[in-house]
Each structure stands twice: as structure tokens, then as C-alpha cells.
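Trainee: For reference, this is model04.txt, and it has compact mmCIF, C-alpha atoms.
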```txt
# COMPACT_ATOMS: atom_id res chain seq x y z
CA MET A 1 111.55 39.52 89.92
CA ASN A 2 108.02 40.72 89.46
CA LEU A 3 105.47 40.59 92.21
CA ARG A 4 103.44 37.80 90.71
CA PHE A 5 106.51 35.66 90.65
CA ALA A 6 107.51 36.56 94.17
CA LEU A 7 104.11 35.89 95.65
CA ALA A 8 103.01 32.93 93.58
CA ALA A 9 106.03 30.69 93.93
CA PRO A 10 106.02 29.95 97.66
CA LEU A 11 102.26 30.02 98.11
CA ALA A 12 100.89 28.12 95.18
CA LEU A 13 98.50 26.35 97.50
CA VAL A 14 97.39 29.37 99.43
CA ILE A 15 97.29 32.33 97.09
CA ALA A 16 96.78 32.60 93.39
CA VAL A 17 98.09 36.02 92.56
CA PRO A 18 97.30 37.75 89.31
CA ALA A 19 99.83 39.90 87.52
CA VAL A 20 100.56 43.46 88.50
CA ALA A 21 103.04 45.76 86.86
CA ALA A 22 106.59 44.51 87.30
CA ALA A 23 107.37 47.64 89.30
CA PRO A 24 104.56 48.54 91.67
CA THR A 25 104.22 52.21 92.61
CA ASP A 26 104.47 53.54 96.16
CA PRO A 27 100.66 53.87 96.52
CA GLN A 28 100.32 50.24 95.39
CA ILE A 29 103.13 49.06 97.66
CA ALA A 30 101.54 50.82 100.63
CA HIS A 31 98.22 49.19 99.80
CA ILE A 32 99.72 45.71 99.50
CA ALA A 33 101.65 45.99 102.76
CA TYR A 34 98.63 47.38 104.60
CA THR A 35 96.39 44.66 103.17
CA ALA A 36 98.80 41.93 104.24
CA GLY A 37 98.87 43.37 107.75
CA ASN A 38 95.09 43.55 107.96
CA ILE A 39 94.79 39.96 106.80
CA ASP A 40 97.08 38.79 109.57
CA ILE A 41 95.23 40.86 112.18
CA ALA A 42 91.96 39.22 111.10
CA ALA A 43 93.57 35.78 111.22
CA GLY A 44 94.92 36.51 114.71
CA LYS A 45 91.47 37.60 115.92
CA GLN A 46 89.99 34.43 114.48
CA ALA A 47 92.58 32.38 116.39
CA LEU A 48 91.84 34.27 119.61
CA ALA A 49 88.15 33.50 119.17
CA LYS A 50 88.70 29.79 118.50
CA SER A 51 91.93 28.51 120.01
CA HIS A 52 92.48 27.33 123.58
CA ASN A 53 96.17 26.57 123.09
CA LYS A 54 98.31 28.92 125.20
CA ALA A 55 101.22 29.16 122.74
CA VAL A 56 98.88 29.69 119.80
CA ARG A 57 96.92 32.38 121.65
CA GLU A 58 100.07 34.23 122.70
CA PHE A 59 101.30 34.11 119.13
CA ALA A 60 97.96 35.38 117.82
CA GLN A 61 98.02 38.25 120.34
CA GLU A 62 101.50 39.15 119.16
CA MET A 63 100.35 39.13 115.52
CA VAL A 64 97.39 41.40 116.23
CA ARG A 65 99.55 43.78 118.29
CA ASP A 66 102.57 43.96 115.97
CA HIS A 67 100.69 44.17 112.69
CA LYS A 68 98.38 46.83 114.08
CA ALA A 69 101.43 48.84 115.13
CA VAL A 70 102.92 48.66 111.62
CA ASN A 71 99.63 49.49 109.97
CA ASP A 72 99.00 52.45 112.27
CA LYS A 73 102.45 53.73 111.34
CA ALA A 74 101.77 53.10 107.65
CA LEU A 75 98.50 55.03 107.81
CA ALA A 76 100.20 57.95 109.53
CA LEU A 77 102.94 57.89 106.91
CA VAL A 78 100.67 57.91 103.85
CA LYS A 79 98.68 60.72 105.43
CA LYS A 80 101.84 62.73 106.00
CA LEU A 81 103.04 62.05 102.46
CA HIS A 82 99.60 62.83 101.00
CA VAL A 83 99.62 59.45 99.31
CA THR A 84 96.40 57.54 98.73
CA PRO A 85 97.02 53.79 98.88
CA GLN A 86 95.91 52.31 95.61
CA ASP A 87 94.05 49.05 95.32
CA ASN A 88 95.60 46.65 92.83
CA PRO A 89 95.32 43.05 91.66
CA THR A 90 97.86 41.80 94.22
CA SER A 91 95.91 43.27 97.14
CA GLU A 92 92.68 41.88 95.71
CA ALA A 93 94.22 38.44 95.34
CA LEU A 94 95.57 38.57 98.88
CA ASN A 95 92.11 39.44 100.19
CA LYS A 96 90.39 36.79 98.15
CA SER A 97 92.82 34.12 99.26
CA ALA A 98 92.62 35.27 102.87
CA LYS A 99 88.85 34.98 102.81
CA ALA A 100 89.11 31.42 101.52
CA THR A 101 91.58 30.58 104.30
CA PHE A 102 89.39 32.27 106.90
CA ASP A 103 86.35 30.25 105.77
CA ARG A 104 88.34 27.03 105.70
CA LEU A 105 89.70 27.63 109.22
CA SER A 106 86.30 28.62 110.56
CA LYS A 107 85.14 25.03 110.04
CA LEU A 108 88.00 23.60 112.10
CA ASN A 109 88.29 23.32 115.86
CA GLY A 110 90.77 22.33 118.56
CA ALA A 111 94.10 20.89 117.50
CA ALA A 112 93.08 20.81 113.82
CA PHE A 113 92.39 24.54 113.88
CA ASP A 114 95.62 25.30 115.75
CA LYS A 115 97.72 23.40 113.25
CA ALA A 116 95.98 24.89 110.22
CA TYR A 117 96.27 28.41 111.63
CA VAL A 118 99.95 28.13 112.50
CA ASP A 119 100.85 26.38 109.23
CA ASN A 120 99.10 29.14 107.33
CA GLU A 121 100.93 31.78 109.38
CA VAL A 122 104.25 30.22 108.39
CA ALA A 123 103.26 30.18 104.71
CA PHE A 124 101.69 33.64 104.77
CA HIS A 125 104.67 35.33 106.43
CA LYS A 126 107.06 33.56 104.10
CA THR A 127 105.12 34.80 101.09
CA VAL A 128 104.92 38.36 102.36
CA ASN A 129 108.61 38.35 103.31
CA ASP A 130 109.61 37.12 99.87
CA ALA A 131 107.46 39.82 98.27
CA LEU A 132 108.91 42.49 100.58
CA SER A 133 112.52 41.59 99.89
CA SER A 134 112.26 40.86 96.17
CA THR A 135 109.69 43.40 95.01
CA LEU A 136 108.17 45.82 97.49
CA ILE A 137 111.30 47.15 99.21
CA PRO A 138 113.43 47.42 96.04
CA ASN A 139 110.66 49.33 94.24
CA ALA A 140 109.71 51.69 97.07
CA LYS A 141 110.75 55.21 96.05
CA ASN A 142 110.02 57.10 99.25
CA GLY A 143 112.73 56.68 101.89
CA GLU A 144 110.35 56.59 104.84
CA LEU A 145 108.14 54.02 103.17
CA LYS A 146 111.19 51.92 102.35
CA SER A 147 112.43 52.16 105.94
CA LEU A 148 109.03 51.13 107.31
CA LEU A 149 108.94 48.16 104.95
CA GLU A 150 112.44 47.15 106.04
CA THR A 151 111.43 47.25 109.70
CA GLY A 152 108.35 45.28 108.69
CA LEU A 153 110.52 42.66 107.02
CA THR A 154 112.66 42.25 110.14
CA LEU A 155 109.50 41.93 112.20
CA PHE A 156 107.77 39.47 109.88
CA LYS A 157 110.86 37.27 109.73
CA GLU A 158 110.62 37.05 113.51
CA HIS A 159 106.96 36.13 113.16
CA GLN A 160 107.78 33.47 110.60
CA ALA A 161 110.45 31.98 112.89
CA HIS A 162 108.05 32.10 115.84
CA ALA A 163 105.31 30.39 113.81
CA GLU A 164 107.74 27.70 112.65
CA GLN A 165 108.78 27.09 116.24
CA ILE A 166 105.14 26.71 117.37
CA ALA A 167 104.35 24.49 114.37
CA LYS A 168 107.04 22.06 115.54
CA GLY A 169 105.28 21.72 118.89
CA LEU A 170 101.86 21.01 117.33
CA LYS A 171 101.17 17.49 116.24
CA MET B 1 138.52 45.15 145.65
CA ARG B 2 137.72 47.99 143.27
CA LEU B 3 137.60 51.41 144.80
CA ARG B 4 134.13 52.06 143.43
CA ARG B 5 132.78 49.16 145.43
CA THR B 6 134.61 50.07 148.65
CA PRO B 7 132.08 51.02 151.29
CA LEU B 8 132.57 54.59 152.45
CA TYR B 9 133.14 53.70 156.09
CA VAL B 10 136.15 51.57 155.19
CA ALA B 11 137.70 54.46 153.38
CA SER B 12 136.94 56.96 156.11
CA ALA B 13 138.02 54.76 159.00
CA GLY B 14 141.37 53.86 157.54
CA LEU B 15 142.15 57.09 155.82
CA LEU B 16 140.90 59.88 158.00
CA LEU B 17 143.95 61.96 157.40
CA LEU B 18 143.84 61.78 153.68
CA ALA B 19 141.34 64.45 152.87
CA SER B 20 141.83 63.97 149.16
CA TRP B 21 140.83 60.33 149.23
CA PRO B 22 137.98 60.02 146.74
CA ALA B 23 134.61 58.78 147.80
CA ALA B 24 133.34 55.54 146.31
CA ALA B 25 132.26 56.15 142.75
CA ALA B 26 128.59 56.89 142.35
CA PRO B 27 126.63 54.48 140.18
CA HIS B 28 126.41 55.46 136.55
CA THR B 29 123.24 55.56 134.51
CA TYR B 30 123.23 54.22 130.98
CA VAL B 31 120.54 54.18 128.34
CA VAL B 32 119.98 51.39 125.84
CA THR B 33 117.72 52.45 123.01
CA ILE B 34 115.51 49.97 121.19
CA ASP B 35 114.30 50.91 117.73
CA LYS B 36 113.43 49.25 114.43
CA MET B 37 113.53 45.77 115.90
CA LYS B 38 117.04 46.16 117.34
CA PHE B 39 118.72 46.72 120.67
CA GLY B 40 121.01 49.74 120.25
CA PRO B 41 124.67 49.84 121.33
CA LEU B 42 125.23 48.38 124.79
CA PRO B 43 127.46 50.18 127.29
CA GLY B 44 130.80 48.42 127.61
CA ASP B 45 131.84 49.46 131.11
CA LEU B 46 128.99 48.38 133.33
CA HIS B 47 129.42 47.67 137.01
CA LYS B 48 127.27 46.24 139.71
CA GLY B 49 125.11 49.01 141.16
CA ASP B 50 124.88 50.93 137.88
CA ILE B 51 121.49 51.78 136.44
CA LEU B 52 120.36 50.80 132.99
CA ILE B 53 117.41 52.47 131.32
CA TRP B 54 115.74 50.54 128.53
CA ASP B 55 114.24 53.11 126.17
CA ASN B 56 111.84 51.46 123.74
CA ARG B 57 111.39 53.93 120.90
CA ASP B 58 110.05 51.26 118.61
CA MET B 59 106.42 50.94 117.55
CA PHE B 60 106.34 47.41 118.93
CA LYS B 61 106.09 45.94 122.40
CA HIS B 62 109.40 44.32 123.34
CA SER B 63 111.06 42.85 126.38
CA ALA B 64 114.57 42.62 127.72
CA THR B 65 114.66 39.12 129.12
CA ALA B 66 117.74 37.40 130.51
CA GLY B 67 118.59 34.13 128.80
CA ASP B 68 118.12 32.36 132.14
CA HIS B 69 114.62 33.96 132.32
CA HIS B 70 115.02 35.07 135.92
CA SER B 71 118.00 37.40 136.32
CA PHE B 72 115.86 40.10 134.70
CA ASP B 73 112.74 40.27 132.59
CA VAL B 74 111.69 43.80 131.70
CA ASP B 75 108.48 44.27 129.79
CA LEU B 76 108.70 47.19 127.37
CA PRO B 77 105.47 48.39 125.80
CA ALA B 78 105.93 50.61 122.74
CA GLY B 79 107.37 53.94 123.84
CA ALA B 80 108.13 52.79 127.40
CA LYS B 81 111.24 53.62 129.39
CA LYS B 82 112.11 51.21 132.21
CA LYS B 83 114.85 51.48 134.78
CA MET B 84 116.83 48.46 135.93
CA VAL B 85 119.45 48.36 138.69
CA LEU B 86 122.31 46.02 137.88
CA SER B 87 122.28 44.04 141.10
CA LYS B 88 124.82 41.38 140.25
CA SER B 89 127.92 41.04 138.19
CA GLY B 90 128.42 38.55 135.43
CA THR B 91 127.68 38.00 131.77
CA PHE B 92 124.03 38.02 130.83
CA PRO B 93 122.85 37.14 127.36
CA PHE B 94 119.35 38.53 126.83
CA PHE B 95 116.67 38.60 124.17
CA CYS B 96 113.21 39.94 123.42
CA ARG B 97 110.65 37.32 124.40
CA TYR B 98 108.35 38.43 121.57
CA HIS B 99 111.03 38.63 118.89
CA PRO B 100 113.75 36.22 119.98
CA GLY B 101 116.00 37.18 117.08
CA MET B 102 116.61 40.44 118.97
CA ARG B 103 119.55 39.65 121.22
CA GLY B 104 122.42 41.13 123.16
CA THR B 105 124.76 40.47 126.05
CA LEU B 106 125.31 42.61 129.13
CA THR B 107 128.68 42.25 130.79
CA ILE B 108 128.58 43.61 134.32
CA GLY B 109 131.79 44.01 136.29
CA LYS B 110 132.17 44.07 140.06
```
Kindly return the structure encoded in the file as C-alpha cells.

Mentor:
Amino acid sequence: MNLRFALAAPLALVIAVPAVAAAPTDPQIAHIAYTAGNIDIAAGKQALAKSHNKAVREFAQEMVRDHKAVNDKALALVKKLHVTPQDNPTSEALNKSAKATFDRLSKLNGAAFDKAYVDNEVAFHKTVNDALSSTLIPNAKNGELKSLLETGLTLFKEHQAHAEQIAKGLK
Amino acid sequence: MRLRRTPLYVASAGLLLLASWPAAAAPHTYVVTIDKMKFGPLPGDLHKGDILIWDNRDMFKHSATAGDHHSFDVDLPAGAKKKMVLSKSGTFPFFCRYHPGMRGTLTIGK
């Protein structure tokens, strides 16, 4: 499955992803994974600035903390491997879509914001997890990068489950 | 009653003449390693009084939290090692409060 397929299917409403090569390279994979992490850190910081809901705030703190940990590790790894993460259409599309979501959420407050944030977290993690398992992990050539992505997938599945659980509690 | 839990004075009072009688077993220390979003192998022969060290080698903050939320709840920042004395026997399912898919069960004998 190519990346466009993997990313576009579950998130038609959230992200319109242009084509990239069917088999992304390690520098592209690193860039996509790092970009996805940064997007979720920014979303978490937005939630911490706006939300007063305890469960939502704890979740947002967890997102900022966990994604920063993965991205710090990713940065250390690319440095060690002398790899320069390479921007690509998928990363650009992720950023563009994230900015649209950020702007949309910035106009919401209270319960409406909480619900929109958590629903987007469910969708975003699902998209990234699908991309990780169908495209990014299978195409990663470097063993350490692959291992980091696999740990990331386990982590993000937990995040997705956590977001789904919180979404159930928000009306 | 297991020998390991027999208080020393019981052994010494009743068995003064038996110099070879072993002292009550000292508590053992076990390490459970946490890495890559998983609790590592759990020791299978735990007893009340033993010491468990949670060694979080992962890049993420975790916790070891008893399913009942109060028997134990150990916060484990990334890289932290925390010691826990097993103060009661029983079967204790536990999980990470931040990543509840991470689970295990401690079985602690008397």
C-alpha cells in the first residue's frame, strides 16, 4: 500500500495527502514521523492553553510528554546515523492539514473545543498508526529507525485507545 | 508456616540445640525492567517481604499501578528506578496509568 493510500483513506475529512513515492526513503520516513509528532505536541499545547477539562488536560500533557520523548530520540538517532530528514509531500500535507485543524480549534471553546480536540486526536493517531504499520515501518531500512517506529506504533495505539476512551466521556 | 516467614526468635527458642537450623530466609530483591512500552519478565517466586525494583529504561514516563489503585502506585519517570517492598501476599494485576495496554500480574506468596 502506498503512503497516499494509507494516509488518505481514514482521514479523508482531516488530511488531503498528495502522492509520494510508493516506497519512502529513510530520510523521508524520519521526516514524516517527526512531523507527525510535532503536530501532536502543538495540538497538545493548544489544548493545555484552552481546555479546563481534567481528563482532556491530562491527556494533552501525556501527548506533549510522550511525543517529545519520541522526537528527541528520533533527532538523536538521525544525528548518530548522519541522516538528514528530508521534507516531502506527505510531511507538507500533514503540516497544512494540521494548521487548518489548529485554526478551526482555536475558534472553539469549552466543551465544543474538548470534543473537537479529542475527536481529532482519535482520527490523527489512527491515520498515523495506519501509515506506520502499512508504509513507514515496512519501508524503513535502518534497524534502529525501524525499532523506534515500532515502539512509536505501540505508543500511538495506546494514545488512540486513550483518546477513544475520553471521547466516550465527552458529550 | 513457611520457614522463610518464621520469626527468628521462634526458631532460636525452640531449637537452641540445633546449631545447623537455618535462619529465616532473607528477603530477595528482584528487578522488573520496563522498555519499549512493555513490562519485562516478572519474577515467578515472589514472597511477602521481598523487594521489587522497577527499572524504567524506556524513553517514556510510566507507572506501575495496582488494578485496585491503592495496593501500589509507583510513578516511573523515564530512566527512573523505584524500589517497592512487597508488603502483602496475593495476586495483583497492575497496569501503566498512562498506557493502560501495558499490563502484568504480580503473584506474591506468603

Trainee: Tell me which of B:Trp54, B:Met84, B:Asp68, B:Cys96 sits closest to B:Met37, counting all atoms listed in the file.

Mentor: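 Comparing B:Trp54, B:Met84, B:Asp68, B:Cys96 against B:Met37, the winner is B:Cys96.
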
Trainee: Go through A:Leu170, A:Val64, A:Ala30, A:Ala47 one by one, measure the shortest atom-to-atom distance of each to A:Leu105 using all atoms listed in the file, and give the residue with the smallest value.

Mentor: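 Distance minimum relative to A:Leu105 lands on A:Ala47.
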
Trainee: What residues in chain A have any atom no more than 8 Å from chain B when counting all atoms listed in the file, and can you write them as a ChimeraX atom specification?

Mentor: /A:62,65-66,69-70,73,151,154-155,158-159,162

Trainee: Taking the point (97.9, 47.6, 103.6) as given in the file, collect each protein or nucleic acid residue that comes within 12 Å of it, counting all atoms listed in the file, and present the set as an NGL selection string.

Mentor: :A and (26-41 or 67-68 or 70-75 or 77-78 or 84-88 or 90-92 or 94-95 or 128 or 149 or 152)

Trainee: Counting all atoms listed in the file, figure out which residue out of A:His82, A:Lys96, A:Lys141, A:Lys157 gets nearest to A:Pro24.

Mentor: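 Nearest candidate to A:Pro24 out of A:His82, A:Lys96, A:Lys141, A:Lys157: A:Lys141.
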
Trainee: What does the distance from atom CA of A:Leu108 to atom CA of A:Gln61 come to in Å, to one decimal?

Mentor: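 Calculated distance between atom CA of A:Leu108 and atom CA of A:Gln61 is 19.6 Å.
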
Trainee: As an exercise, work out the distance from atom CA of A:Lys107 to atom CA of A:Phe156 in Å and give it to one decimal place.

Mentor: 26.8 Å

Trainee: Could you tell me how far atom CA of A:Val83 lies from atom CA of A:Asn142, in Å and to one decimal?

Mentor: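 Spanning atom CA of A:Val83 to atom CA of A:Asn142 is a straight-line distance of 10.7 Å.
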
Trainee: Just checking: using all atoms listed in the file, which residue out of B:Asp55, B:Asp75, B:Arg97, B:Ala26 ends up closest to B:Gly40?

Mentor: B:Asp55

Trainee: Pull C-alpha atoms for stretch 18-73 of chain A from the block and write them as a short mmCIF file (atom, residue, chain, number, x, y, z; two decimals), in the first residue's frame.

Mentor:
```cif
data_model
loop_
_atom_site.label_atom_id
_atom_site.label_comp_id
_atom_site.auth_asym_id
_atom_site.auth_seq_id
_atom_site.Cartn_x
_atom_site.Cartn_y
_atom_site.Cartn_z
CA PRO A 18 -0.66 14.21 -2.04
CA ALA A 19 1.27 11.36 -3.56
CA VAL A 20 4.77 10.44 -2.52
CA ALA A 21 6.86 7.64 -3.90
CA ALA A 22 5.34 4.26 -3.11
CA ALA A 23 8.41 3.44 -1.04
CA PRO A 24 9.55 6.40 1.03
CA THR A 25 13.25 6.55 1.93
CA ASP A 26 14.58 6.54 5.49
CA PRO A 27 15.21 10.33 5.46
CA GLN A 28 11.62 10.84 4.31
CA ILE A 29 10.24 8.37 6.85
CA ALA A 30 12.14 10.11 9.64
CA HIS A 31 10.77 13.45 8.49
CA ILE A 32 7.17 12.20 8.34
CA ALA A 33 7.34 10.60 11.78
CA TYR A 34 8.97 13.67 13.31
CA THR A 35 6.43 15.96 11.66
CA ALA A 36 3.52 13.88 12.97
CA GLY A 37 4.99 14.06 16.47
CA ASN A 38 5.46 17.82 16.29
CA ILE A 39 1.90 18.28 15.12
CA ASP A 40 0.58 16.37 18.10
CA ILE A 41 2.80 18.31 20.51
CA ALA A 42 1.42 21.57 19.11
CA ALA A 43 -2.14 20.25 19.39
CA GLY A 44 -1.48 19.21 23.00
CA LYS A 45 -0.12 22.66 23.85
CA GLN A 46 -3.18 24.24 22.28
CA ALA A 47 -5.40 22.02 24.44
CA LEU A 48 -3.43 22.93 27.57
CA ALA A 49 -3.92 26.61 26.76
CA LYS A 50 -7.66 26.29 26.16
CA SER A 51 -9.18 23.33 27.99
CA HIS A 52 -10.36 23.23 31.60
CA ASN A 53 -11.41 19.59 31.47
CA LYS A 54 -9.21 17.49 33.79
CA ALA A 55 -9.23 14.34 31.63
CA VAL A 56 -8.54 16.33 28.48
CA ARG A 57 -5.69 18.24 30.12
CA GLU A 58 -4.08 15.07 31.47
CA PHE A 59 -4.33 13.51 28.04
CA ALA A 60 -2.82 16.59 26.41
CA GLN A 61 0.06 16.56 28.91
CA GLU A 62 0.67 12.92 28.09
CA MET A 63 0.71 13.69 24.35
CA VAL A 64 3.22 16.52 24.76
CA ARG A 65 5.43 14.41 27.02
CA ASP A 66 5.36 11.16 25.01
CA HIS A 67 5.68 12.68 21.56
CA LYS A 68 8.53 14.90 22.71
CA ALA A 69 10.30 11.82 24.06
CA VAL A 70 9.98 10.01 20.72
CA ASN A 71 11.05 13.05 18.74
CA ASP A 72 14.07 13.67 20.97
CA LYS A 73 15.06 10.05 20.38
#
```
